[in-house]
file data-v5.txt (compact mmCIF, C-alpha atoms)
# COMPACT_ATOMS: atom_id res chain seq x y z
CA MET A 1261 -5.27 -52.76 -41.15
CA PRO A 1262 -3.76 -55.95 -39.56
CA TYR A 1263 -1.35 -55.64 -36.65
CA MET A 1264 2.37 -55.83 -37.51
CA ASP A 1265 4.72 -57.38 -34.98
CA ILE A 1266 8.05 -55.69 -34.30
CA SER A 1267 9.98 -58.62 -35.80
CA GLU A 1268 7.81 -58.45 -38.92
CA SER A 1269 8.66 -54.77 -39.34
CA ILE A 1270 12.34 -55.63 -39.87
CA ASP A 1271 11.76 -58.84 -41.82
CA PHE A 1272 12.99 -57.15 -45.02
CA MET A 1273 16.52 -57.24 -43.50
CA ARG A 1274 16.50 -60.97 -42.81
CA ARG A 1275 18.06 -62.09 -46.10
CA PRO A 1276 20.80 -59.40 -46.26
CA LEU A 1277 21.76 -60.21 -42.66
CA GLN A 1278 21.98 -63.92 -43.44
CA ILE A 1279 24.18 -63.23 -46.46
CA GLY A 1280 26.45 -61.14 -44.23
CA ALA A 1281 26.49 -63.99 -41.62
CA LEU A 1282 24.75 -61.78 -39.07
CA PRO A 1283 21.88 -63.00 -36.85
CA SER A 1284 18.27 -62.24 -37.68
CA THR A 1285 15.11 -62.68 -35.60
CA LYS A 1286 13.52 -65.59 -37.46
CA VAL A 1287 16.28 -68.18 -37.68
CA ASP A 1288 16.36 -71.28 -35.50
CA TYR A 1289 20.09 -71.83 -35.15
CA LYS A 1290 19.55 -75.19 -33.44
CA LYS A 1291 18.06 -76.60 -36.63
CA SER A 1292 19.97 -74.55 -39.17
CA ASN A 1293 23.32 -76.36 -39.23
CA LEU A 1294 23.98 -75.26 -42.79
CA LEU A 1295 23.72 -71.62 -41.77
CA GLU A 1296 26.17 -72.17 -38.91
CA TYR A 1297 28.65 -73.77 -41.33
CA TYR A 1298 28.26 -70.73 -43.57
CA ILE A 1299 28.95 -68.43 -40.61
CA PHE A 1300 32.12 -70.38 -39.76
CA CYS A 1301 33.33 -70.14 -43.36
CA THR A 1302 32.70 -66.41 -43.55
CA LEU A 1303 34.47 -66.01 -40.19
CA PHE A 1304 37.64 -67.86 -41.18
CA ALA A 1305 37.85 -66.24 -44.63
CA PRO A 1306 38.74 -62.72 -43.35
CA ILE A 1307 41.15 -64.28 -40.83
CA ALA A 1308 43.01 -66.05 -43.65
CA ILE A 1309 43.01 -62.89 -45.79
CA LEU A 1310 44.30 -60.87 -42.83
CA PHE A 1311 47.25 -63.20 -42.23
CA TYR A 1312 48.05 -63.36 -45.94
CA GLY A 1313 47.86 -59.58 -46.30
CA VAL A 1314 50.10 -58.95 -43.26
CA PHE A 1315 52.61 -61.79 -43.49
CA GLY A 1316 52.46 -62.81 -47.15
CA LYS A 1317 55.39 -62.24 -49.46
CA ASN A 1318 53.26 -60.30 -51.94
CA ARG A 1319 51.51 -58.17 -49.38
CA LEU A 1320 48.10 -56.85 -50.35
CA GLN A 1321 47.85 -53.11 -50.84
CA LEU A 1322 44.82 -50.87 -50.95
CA THR A 1323 46.51 -48.19 -53.01
CA ALA A 1324 48.87 -48.51 -55.91
CA SER A 1325 50.55 -45.26 -54.96
CA ALA A 1326 52.15 -46.42 -51.73
CA ILE A 1327 55.37 -44.46 -51.46
CA GLY A 1328 57.28 -46.69 -49.10
CA GLY A 1329 58.00 -46.16 -45.41
CA ILE A 1330 55.13 -44.34 -43.76
CA GLY A 1331 52.97 -44.84 -46.86
CA ASP A 1332 53.27 -48.63 -46.66
CA LEU A 1333 52.52 -48.51 -42.94
CA ILE A 1334 49.35 -46.46 -43.54
CA ASP A 1335 48.29 -48.92 -46.21
CA LEU A 1336 48.89 -51.89 -43.92
CA LEU A 1337 47.04 -50.31 -40.99
CA GLN A 1338 44.00 -49.52 -43.14
CA PHE A 1339 43.92 -53.07 -44.48
CA THR A 1340 44.35 -54.55 -40.99
CA GLY A 1341 41.69 -52.26 -39.50
CA ILE A 1342 38.88 -53.34 -41.82
CA ARG A 1343 39.84 -57.02 -41.41
CA LEU A 1344 39.79 -56.79 -37.61
CA ALA A 1345 36.47 -54.95 -37.71
CA HIS A 1346 35.06 -57.67 -39.99
CA ILE A 1347 36.36 -60.50 -37.79
CA VAL A 1348 35.16 -58.96 -34.51
CA THR A 1349 31.76 -58.21 -36.05
CA LEU A 1350 31.25 -61.79 -37.22
CA LEU A 1351 32.59 -63.29 -33.99
CA GLU A 1352 30.45 -61.10 -31.75
CA ALA A 1353 27.37 -61.70 -33.90
CA PHE A 1354 27.94 -65.46 -33.75
CA LEU A 1355 28.44 -65.56 -29.98
CA HIS A 1356 25.34 -63.39 -29.36
CA ARG A 1357 23.20 -64.85 -32.15
CA ARG A 1358 20.47 -66.06 -29.78
CA LYS A 1359 20.35 -62.83 -27.78
CA ILE A 1360 18.92 -60.88 -30.71
CA SER A 1361 15.66 -62.80 -30.40
CA ALA A 1362 15.68 -62.08 -26.64
CA PHE A 1363 15.88 -58.37 -27.46
CA PHE A 1364 12.72 -58.52 -29.57
CA ILE A 1365 10.92 -60.59 -26.93
CA ARG A 1366 11.54 -57.76 -24.47
CA VAL A 1367 10.32 -55.22 -27.01
CA ARG A 1368 7.07 -57.19 -27.44
CA GLU A 1369 6.58 -57.16 -23.66
CA ILE A 1370 7.05 -53.38 -23.60
CA ASP A 1371 4.59 -52.94 -26.47
CA ASP A 1372 2.03 -55.07 -24.61
CA ILE A 1373 2.31 -52.80 -21.57
CA PHE A 1374 1.83 -49.74 -23.78
CA GLU A 1375 -1.30 -51.20 -25.34
CA ARG A 1376 -2.93 -52.87 -22.32
CA SER A 1377 -2.05 -50.49 -19.50
CA LEU A 1378 -1.80 -47.13 -21.27
CA ASN A 1379 -4.04 -47.72 -24.31
CA VAL A 1380 -1.25 -46.57 -26.61
CA ASP A 1381 -0.80 -48.32 -29.95
CA ILE A 1382 2.72 -48.88 -31.25
CA ASP A 1383 2.65 -48.33 -34.98
CA ASN A 1384 5.21 -50.87 -36.20
CA ARG A 1385 3.95 -50.50 -39.75
CA CYS A 1386 5.03 -46.86 -39.78
CA PHE A 1387 8.31 -47.92 -38.16
CA ASN A 1388 8.79 -50.42 -41.00
CA LYS A 1389 8.44 -47.62 -43.56
CA GLN A 1390 10.98 -45.49 -41.68
CA LEU A 1391 13.51 -48.32 -41.71
CA ILE A 1392 13.00 -49.01 -45.41
CA ARG A 1393 13.49 -45.34 -46.26
CA ARG A 1394 16.63 -45.18 -44.15
CA ALA A 1395 17.99 -48.37 -45.73
CA ILE A 1396 17.31 -47.05 -49.24
CA LYS A 1397 19.14 -43.81 -48.44
CA MET A 1398 22.16 -45.66 -47.05
CA ILE A 1399 22.35 -48.07 -49.98
CA SER A 1400 21.87 -45.29 -52.53
CA ALA A 1401 24.59 -43.15 -50.97
CA TYR A 1402 26.98 -46.12 -50.77
CA VAL A 1403 26.34 -47.22 -54.37
CA CYS A 1404 26.74 -43.67 -55.69
CA VAL A 1405 30.06 -43.26 -53.87
CA GLN A 1406 31.40 -46.57 -55.19
CA ILE A 1407 30.32 -45.73 -58.74
CA LEU A 1408 32.15 -42.42 -58.49
CA VAL A 1409 35.24 -44.14 -57.08
CA VAL A 1410 35.30 -46.70 -59.89
CA SER A 1411 34.72 -43.92 -62.44
CA THR A 1412 37.59 -41.80 -61.16
CA GLU A 1413 39.92 -44.80 -61.01
CA SER A 1414 38.96 -45.96 -64.50
CA PHE A 1415 40.10 -42.60 -65.93
CA SER A 1416 43.35 -42.80 -64.04
CA GLU A 1417 46.49 -44.02 -65.81
CA HIS A 1418 47.52 -46.13 -62.80
CA ASN A 1419 44.32 -47.97 -61.96
CA SER A 1420 44.54 -48.90 -58.27
CA LEU A 1421 41.37 -51.02 -58.19
CA SER A 1422 42.75 -54.39 -57.13
CA ILE A 1423 41.49 -57.58 -55.56
CA CYS A 1424 42.41 -56.07 -52.18
CA PHE A 1425 40.10 -53.13 -52.85
CA ILE A 1426 37.22 -55.51 -53.67
CA LEU A 1427 37.84 -57.51 -50.47
CA TYR A 1428 37.95 -54.24 -48.55
CA MET A 1429 34.55 -53.24 -49.93
CA LEU A 1430 33.03 -56.64 -49.10
CA SER A 1431 34.19 -56.37 -45.49
CA PHE A 1432 32.93 -52.80 -45.35
CA CYS A 1433 29.48 -53.98 -46.49
CA VAL A 1434 29.36 -56.42 -43.55
CA THR A 1435 30.33 -53.69 -41.10
CA MET A 1436 27.65 -51.44 -42.58
CA LEU A 1437 25.08 -54.19 -42.02
CA ARG A 1438 26.19 -54.36 -38.39
CA TYR A 1439 25.86 -50.59 -38.12
CA PHE A 1440 22.34 -50.77 -39.53
CA GLN A 1441 21.44 -53.60 -37.17
CA PHE A 1442 22.54 -51.42 -34.25
CA THR A 1443 20.63 -48.49 -35.77
CA ILE A 1444 17.44 -50.58 -35.78
CA CYS A 1445 17.80 -51.27 -32.06
CA ILE A 1446 18.39 -47.58 -31.29
CA MET A 1447 15.37 -46.51 -33.35
CA ILE A 1448 13.18 -49.06 -31.54
CA ILE A 1449 14.20 -47.60 -28.17
CA ARG A 1450 13.82 -44.04 -29.45
CA GLU A 1451 10.26 -44.61 -30.67
CA ARG A 1452 9.20 -46.00 -27.28
CA LEU A 1453 10.80 -43.06 -25.46
CA LYS A 1454 8.86 -40.73 -27.77
CA LYS A 1455 5.66 -42.46 -26.67
CA LEU A 1456 6.56 -41.86 -23.01
CA VAL A 1457 7.10 -38.15 -23.72
CA LEU A 1458 3.70 -37.93 -25.45
CA ILE A 1459 1.99 -39.74 -22.58
CA LEU A 1460 3.47 -37.32 -20.04
CA ASP A 1461 2.28 -34.37 -22.13
CA GLU A 1462 -1.23 -35.84 -22.19
CA GLN A 1463 -1.05 -36.64 -18.47
CA LYS A 1464 -1.00 -32.92 -17.64
CA LEU A 1465 -4.50 -32.61 -19.10
CA TYR A 1466 -6.05 -34.98 -16.54
CA GLU A 1467 -8.07 -33.33 -13.80
CA ASP A 1468 -9.62 -36.44 -12.22
CA VAL A 1469 -8.58 -38.37 -9.12
CA HIS A 1470 -4.82 -38.22 -8.55
CA ILE A 1471 -4.64 -41.94 -7.82
CA ILE A 1472 -5.28 -42.64 -11.49
CA ASP A 1473 -2.46 -40.29 -12.42
CA LEU A 1474 -0.10 -41.95 -9.92
CA THR A 1475 -0.97 -45.37 -11.34
CA ARG A 1476 -0.07 -44.21 -14.81
CA LEU A 1477 3.17 -42.75 -13.47
CA HIS A 1478 4.05 -46.14 -11.97
CA ILE A 1479 3.53 -47.69 -15.39
CA ILE A 1480 5.60 -44.99 -17.12
CA ARG A 1481 8.42 -45.51 -14.61
CA ASP A 1482 8.30 -49.27 -15.15
CA LEU A 1483 8.46 -48.76 -18.92
CA TYR A 1484 11.46 -46.47 -18.54
CA ASN A 1485 13.21 -49.11 -16.41
CA ARG A 1486 12.55 -51.70 -19.08
CA LEU A 1487 13.88 -49.41 -21.82
CA TRP A 1488 17.00 -48.70 -19.76
CA GLU A 1489 17.58 -52.44 -19.36
CA LEU A 1490 17.00 -52.83 -23.09
CA THR A 1491 19.71 -50.24 -23.74
CA ALA A 1492 22.13 -52.14 -21.50
CA HIS A 1493 21.25 -55.31 -23.42
CA VAL A 1494 22.10 -53.57 -26.71
CA ASN A 1495 25.39 -52.23 -25.35
CA ARG A 1496 26.46 -55.70 -24.27
CA ASN A 1497 25.59 -57.32 -27.60
CA PHE A 1498 27.06 -54.65 -29.92
CA GLY A 1499 29.86 -53.14 -27.80
CA PHE A 1500 33.00 -54.71 -29.25
CA SER A 1501 31.85 -54.57 -32.88
CA LEU A 1502 31.03 -50.87 -32.43
CA LEU A 1503 34.45 -50.30 -30.87
CA THR A 1504 36.31 -51.88 -33.79
CA ASN A 1505 34.02 -50.40 -36.46
CA VAL A 1506 34.31 -46.85 -35.13
CA GLY A 1507 38.06 -47.36 -34.76
CA ASN A 1508 38.25 -48.58 -38.35
CA ASP A 1509 36.24 -45.55 -39.51
CA LEU A 1510 38.68 -43.26 -37.70
CA LEU A 1511 41.63 -45.08 -39.26
CA ALA A 1512 40.08 -44.86 -42.74
CA ILE A 1513 39.39 -41.13 -42.37
CA ILE A 1514 42.97 -40.48 -41.24
CA SER A 1515 44.44 -42.66 -44.01
CA ASN A 1516 42.45 -41.07 -46.82
CA SER A 1517 43.14 -37.58 -45.46
CA TYR A 1518 46.85 -38.44 -45.43
CA TRP A 1519 46.79 -39.60 -49.06
CA ILE A 1520 44.89 -36.47 -50.10
CA PHE A 1521 47.62 -34.37 -48.48
CA ILE A 1522 50.35 -36.36 -50.23
CA LYS A 1523 48.64 -35.93 -53.60
CA PHE A 1524 48.27 -32.17 -53.16
CA ASN A 1525 51.76 -31.84 -51.72
CA ASN A 1526 53.11 -33.32 -54.94
CA TYR A 1527 50.46 -31.63 -57.04
CA SER A 1528 51.62 -31.03 -60.61
CA ASN A 1529 48.44 -29.67 -62.24
CA THR A 1530 47.64 -33.02 -63.82
CA MET A 1531 44.29 -34.74 -64.11
CA GLU A 1532 45.93 -37.86 -62.64
CA GLN A 1533 46.59 -36.19 -59.28
CA LEU A 1534 43.13 -34.66 -59.20
CA LEU A 1535 41.41 -37.99 -59.87
CA GLN A 1536 43.43 -39.79 -57.18
CA SER A 1537 42.64 -37.10 -54.61
CA THR A 1538 38.96 -37.26 -55.54
CA SER A 1539 39.01 -41.04 -55.15
CA ASN A 1540 40.50 -40.81 -51.64
CA ALA A 1541 37.96 -38.16 -50.64
CA LEU A 1542 35.10 -40.34 -51.90
CA LEU A 1543 36.43 -43.40 -50.07
CA SER A 1544 36.32 -41.54 -46.76
CA LEU A 1545 32.71 -40.37 -47.20
CA PRO A 1546 30.98 -43.68 -46.22
CA HIS A 1547 33.07 -43.85 -43.03
CA MET A 1548 32.16 -40.27 -42.17
CA PHE A 1549 28.50 -41.00 -42.89
CA ASN A 1550 28.54 -44.04 -40.58
CA VAL A 1551 29.91 -42.11 -37.62
CA LEU A 1552 27.81 -38.99 -38.25
CA SER A 1553 24.48 -40.78 -38.64
CA LEU A 1554 25.12 -43.03 -35.64
CA ALA A 1555 26.17 -40.15 -33.37
CA LEU A 1556 23.19 -37.97 -34.33
CA LEU A 1557 20.71 -40.83 -33.85
CA CYS A 1558 22.12 -41.69 -30.41
CA GLU A 1559 22.12 -38.02 -29.40
CA GLU A 1560 18.48 -37.66 -30.43
CA THR A 1561 17.58 -40.74 -28.40
CA LEU A 1562 19.43 -39.45 -25.33
CA GLN A 1563 17.52 -36.17 -25.49
CA LYS A 1564 14.27 -38.05 -24.91
CA THR A 1565 15.36 -38.74 -21.32
CA THR A 1566 15.71 -34.99 -20.77
CA GLU A 1567 12.27 -34.40 -22.29
CA ILE A 1568 10.78 -36.96 -19.89
CA ALA A 1569 12.39 -35.10 -16.97
CA TYR A 1570 10.93 -31.79 -18.23
CA GLY A 1571 7.53 -33.46 -18.51
CA LEU A 1572 7.70 -34.58 -14.88
CA ASP A 1573 8.74 -31.10 -13.75
CA ASN A 1574 5.76 -29.53 -15.51
CA MET A 1575 3.38 -32.02 -13.90
CA GLU A 1576 4.11 -30.79 -10.38
CA THR A 1577 1.70 -27.88 -10.67
CA CYS A 1578 -1.24 -30.00 -11.80
CA MET A 1579 -0.52 -32.91 -9.40
CA PRO A 1580 0.85 -31.45 -6.13
CA ASN A 1581 0.05 -34.59 -4.13
CA ASN A 1582 2.47 -36.60 -6.27
CA HIS A 1583 5.34 -34.15 -5.81
CA GLN A 1584 7.46 -36.64 -3.81
CA TYR A 1585 7.02 -39.35 -6.42
CA ASN A 1586 8.04 -36.94 -9.18
CA ILE A 1587 11.23 -36.10 -7.28
CA VAL A 1588 12.13 -39.78 -6.93
CA PHE A 1589 11.46 -40.40 -10.62
CA SER A 1590 13.46 -37.32 -11.61
CA LEU A 1591 16.43 -38.49 -9.54
CA GLN A 1592 16.19 -41.85 -11.27
CA LEU A 1593 16.30 -40.13 -14.65
CA LEU A 1594 19.36 -38.19 -13.49
CA HIS A 1595 21.34 -41.21 -12.26
CA GLN A 1596 19.98 -43.85 -14.64
CA LYS A 1597 20.45 -42.18 -17.99
CA ILE A 1598 20.04 -44.05 -21.23
CA THR A 1599 23.46 -44.09 -22.90
CA PHE A 1600 24.99 -46.02 -25.77
CA SER A 1601 28.63 -47.02 -25.51
CA ALA A 1602 31.23 -49.01 -27.41
CA ALA A 1603 32.18 -51.70 -24.87
CA GLY A 1604 32.40 -48.99 -22.20
CA SER A 1605 35.34 -47.28 -23.96
CA PHE A 1606 33.41 -44.19 -25.03
CA ASN A 1607 29.83 -43.02 -25.31
CA ILE A 1608 28.24 -42.65 -28.73
CA ASN A 1609 26.82 -39.13 -29.02
CA CYS A 1610 27.68 -35.84 -30.67
CA GLY A 1611 30.75 -35.57 -28.46
CA LEU A 1612 32.19 -38.49 -30.43
CA LEU A 1613 32.25 -36.30 -33.55
CA TYR A 1614 34.46 -33.73 -31.82
CA SER A 1615 36.75 -36.50 -30.53
CA ILE A 1616 37.13 -37.99 -34.02
CA ALA A 1617 37.79 -34.57 -35.55
CA GLY A 1618 40.43 -33.85 -32.92
CA ALA A 1619 42.07 -37.27 -33.25
CA THR A 1620 42.10 -37.02 -37.05
CA THR A 1621 43.78 -33.62 -36.93
CA THR A 1622 46.35 -34.74 -34.35
CA TYR A 1623 47.38 -37.97 -36.08
CA LEU A 1624 47.35 -36.34 -39.50
CA ILE A 1625 49.81 -33.69 -38.30
CA ILE A 1626 52.05 -36.42 -36.85
CA LEU A 1627 51.99 -38.41 -40.10
CA ILE A 1628 52.73 -35.33 -42.17
CA GLN A 1629 55.70 -34.49 -39.92
CA PHE A 1630 57.07 -38.03 -40.34
CA GLN A 1631 56.61 -37.80 -44.10
CA MET A 1632 58.27 -34.40 -44.39
CA SER A 1633 61.19 -35.41 -42.17
CA GLY A 1634 61.65 -38.54 -44.29
CA ASP A 1635 61.70 -36.44 -47.46
CA ARG A 1636 64.49 -34.27 -46.04
CA PHE A 1637 66.74 -37.26 -45.38
CA THR A 1638 66.09 -38.76 -48.81
call {"tool": "encode", "arguments": {"input": "data-v5.txt", "output": "structure tokens"}}
result
Amino acid sequence: MPYMDISESIDFMRRPLQIGALPSTKVDYKKSNLLEYYIFCTLFAPIAILFYGVFGKNRLQLTASAIGGIGDLIDLLQFTGIRLAHIVTLLEAFLHRRKISAFFIRVREIDDIFERSLNVDIDNRCFNKQLIRRAIKMISAYVCVQILVVSTESFSEHNSLSICFILYMLSFCVTMLRYFQFTICIMIIRERLKKLVLILDEQKLYEDVHIIDLTRLHIIRDLYNRLWELTAHVNRNFGFSLLTNVGNDLLAIISNSYWIFIKFNNYSNTMEQLLQSTSNALLSLPHMFNVLSLALLCEETLQKTTEIAYGLDNMETCMPNNHQYNIVFSLQLLHQKITFSAAGSFNINCGLLYSIAGATTTYLIILIQFQMSGDRFT
């Protein structure tokens, strides 16, 4: 079976990324002036829509059931959040468009070290299948949710599917592409960390000269350093878009939860209220899925560093002469952990899920109190 390069394994995403004005690995931006013009157009379009939606006389609304006051503010914040996330995503992708190729150059160098120094093959063909399966699951879930949303709204007497809703979904598709692009980078790092864990497990089986073992440990440590630098490279190139996208997801979850409460608070045993509540619940599902899948994937990747440390600890008994080197490497793993962050504001792991749940509960209670106090005065 012919060898598949790492950039070839993600080549199926090249066209969707170009349509979303996001950088891919096989585009020469110096020669592709037309593509740069397209990126500029797609960048200024959400800016114009944002200003029109915020300052226009006929302000765009996501829901037809805005009830004035706090309801209008929630609607405006949700509209503004997705626009800002879209703009920041496109701007960051444009400014760092040439650094994506640098990322994959570093990955190729790491793969060469695996193959030449450790005789470990990196199966990019299997990685390609994993990505395709993950992409199919994400697209299927997203399409199913949107079909259900359109179905529930079509049965409603007050159909709230407007041009603003369509623009919201288009921007959300771009942010999902950015999420998936970040997911690809995390999975690449995770697969290489898995290889290091397997190599350390095999290393304990060696009973030959300890110099050979120490040489392999030098290579493993060098590979870990390169993967740590690769993680820092990813954090720099995706930080601000992750910050705005996660913030927009939080805002969307809070907004839809608020509208669900309002519908049930005024519940009158009608199919209309039930359909509107179902629509809001469905609209929040893709945002929850984005945060959940990203946090779990990052947490799984972070655990590989701990597994490497456990592997070094278990090697002390079979390689006592290298005890000092193992201590130095273990201290490096302790102080040089692989972490993923959103522009340094917060780390992306399972702790993020608890933070979002707590923030959603807190802000939802505040919004409900404002709404109930407003109802008393009116």
call {"tool": "residues_around", "arguments": {"input": "data-v5.txt", "residues": "A:Ser1537", "least_positions_apart": "4", "cutoff": "8 Å", "atoms": "only C-alpha atoms", "output": "ChimeraX atom specification"}}
result
/A:1519-1520,1523-1524,1533,1541
call {"tool": "write_last_selection", "arguments": {"input": "data-v5.txt", "atoms": "C-alpha atoms", "output": "PDB file, in the coordinates of the input"}}
result
ATOM      1  CA  TRP A1519      46.790 -39.600 -49.060  1.00  0.00           C
ATOM      2  CA  ILE A1520      44.890 -36.470 -50.100  1.00  0.00           C
ATOM      3  CA  LYS A1523      48.640 -35.930 -53.600  1.00  0.00           C
ATOM      4  CA  PHE A1524      48.270 -32.170 -53.160  1.00  0.00           C
ATOM      5  CA  GLN A1533      46.590 -36.190 -59.280  1.00  0.00           C
ATOM      6  CA  ALA A1541      37.960 -38.160 -50.640  1.00  0.00           C
TER       7      ALA A1541
END
call {"tool": "residues_around", "arguments": {"input": "data-v5.txt", "residues": "A:Arg1385", "least_positions_apart": "2", "cutoff": "12 Å", "atoms": "only C-alpha atoms", "output": "PyMOL selection string"}}
result
chain A and resi 1261-1271+1381-1383+1387-1392
call {"tool": "write_last_selection", "arguments": {"input": "data-v5.txt", "atoms": "C-alpha atoms", "output": "tab-separated table (two decimals), in the frame of the given file"}}
result
chain	number	residue	atom	x	y	z
A	1261	MET	CA	-5.27	-52.76	-41.15
A	1262	PRO	CA	-3.76	-55.95	-39.56
A	1263	TYR	CA	-1.35	-55.64	-36.65
A	1264	MET	CA	2.37	-55.83	-37.51
A	1265	ASP	CA	4.72	-57.38	-34.98
A	1266	ILE	CA	8.05	-55.69	-34.30
A	1267	SER	CA	9.98	-58.62	-35.80
A	1268	GLU	CA	7.81	-58.45	-38.92
A	1269	SER	CA	8.66	-54.77	-39.34
A	1270	ILE	CA	12.34	-55.63	-39.87
A	1271	ASP	CA	11.76	-58.84	-41.82
A	1381	ASP	CA	-0.80	-48.32	-29.95
A	1382	ILE	CA	2.72	-48.88	-31.25
A	1383	ASP	CA	2.65	-48.33	-34.98
A	1387	PHE	CA	8.31	-47.92	-38.16
A	1388	ASN	CA	8.79	-50.42	-41.00
A	1389	LYS	CA	8.44	-47.62	-43.56
A	1390	GLN	CA	10.98	-45.49	-41.68
A	1391	LEU	CA	13.51	-48.32	-41.71
A	1392	ILE	CA	13.00	-49.01	-45.41
call {"tool": "residues_around", "arguments": {"input": "data-v5.txt", "residues": "stretch 1397-1407 of chain A", "least_positions_apart": "6", "cutoff": "12 Å", "atoms": "only C-alpha atoms", "output": "count of residues only"}}
result
30
call {"tool": "atom_distance", "arguments": {"input": "data-v5.txt", "atom1": "atom CA of A:Leu1427", "atom2": "atom CA of A:Glu1352"}}
result
20.4 Å
call {"tool": "residues_around", "arguments": {"input": "data-v5.txt", "residues": "stretch 1476-1484 of chain A", "least_positions_apart": "4", "cutoff": "8 Å", "atoms": "only C-alpha atoms", "output": "PyMOL selection string"}}
result
chain A and resi 1370+1373+1377-1378+1453+1456+1472+1488+1589
call {"tool": "atom_distance", "arguments": {"input": "data-v5.txt", "atom1": "atom CA of A:Thr1504", "atom2": "atom CA of A:Leu1490"}}
result
22.1 Å
call {"tool": "residues_around", "arguments": {"input": "data-v5.txt", "residues": "A:Ala1353", "least_positions_apart": "6", "cutoff": "8 Å", "atoms": "all atoms listed in the file", "output": "PyMOL selection string"}}
result
chain A and resi 1282-1283+1497
call {"tool": "atom_distance", "arguments": {"input": "data-v5.txt", "atom1": "atom CA of A:Lys1454", "atom2": "atom CA of A:Lys1564"}}
result
6.7 Å
call {"tool": "axis_aligned_box", "arguments": {"input": "data-v5.txt", "around": "stretch 1583-1601 of chain A", "padding_each_side": "6 Å", "output": "lines of an AutoDock Vina configuration file"}}
result
center_x = 17.0
center_y = -40.6
center_z = -14.8
size_x = 35.3
size_y = 24.9
size_z = 34.0
call {"tool": "closest_residue", "arguments": {"input": "data-v5.txt", "among": "A:Ile1514, A:Leu1554, A:Val1348, A:Leu1627", "to": "A:Leu1612", "atoms": "only C-alpha atoms"}}
result
A:Leu1554
call {"tool": "closest_residue", "arguments": {"input": "data-v5.txt", "among": "A:Ser1517, A:Asn1586, A:Ser1431, A:Gln1441", "to": "A:Ala1617", "atoms": "only C-alpha atoms"}}
result
A:Ser1517
call {"tool": "closest_residue", "arguments": {"input": "data-v5.txt", "among": "A:Ala1603, A:Val1409, A:Ala1619, A:Cys1445", "to": "A:Ile1513", "atoms": "only C-alpha atoms"}}
result
A:Ala1619
call {"tool": "closest_residue", "arguments": {"input": "data-v5.txt", "among": "A:Gly1571, A:His1493, A:Ile1444, A:Thr1565", "to": "A:His1595", "atoms": "all atoms listed in the file"}}
result
A:Thr1565
call {"tool": "closest_residue", "arguments": {"input": "data-v5.txt", "among": "A:Ile1522, A:Ile1568, A:Asn1516, A:Ile1598", "to": "A:Thr1620", "atoms": "all atoms listed in the file"}}
result
A:Asn1516
call {"tool": "closest_residue", "arguments": {"input": "data-v5.txt", "among": "A:Thr1412, A:Asn1379, A:Ser1515, A:Asn1609", "to": "A:Ala1555", "atoms": "all atoms listed in the file"}}
result
A:Asn1609
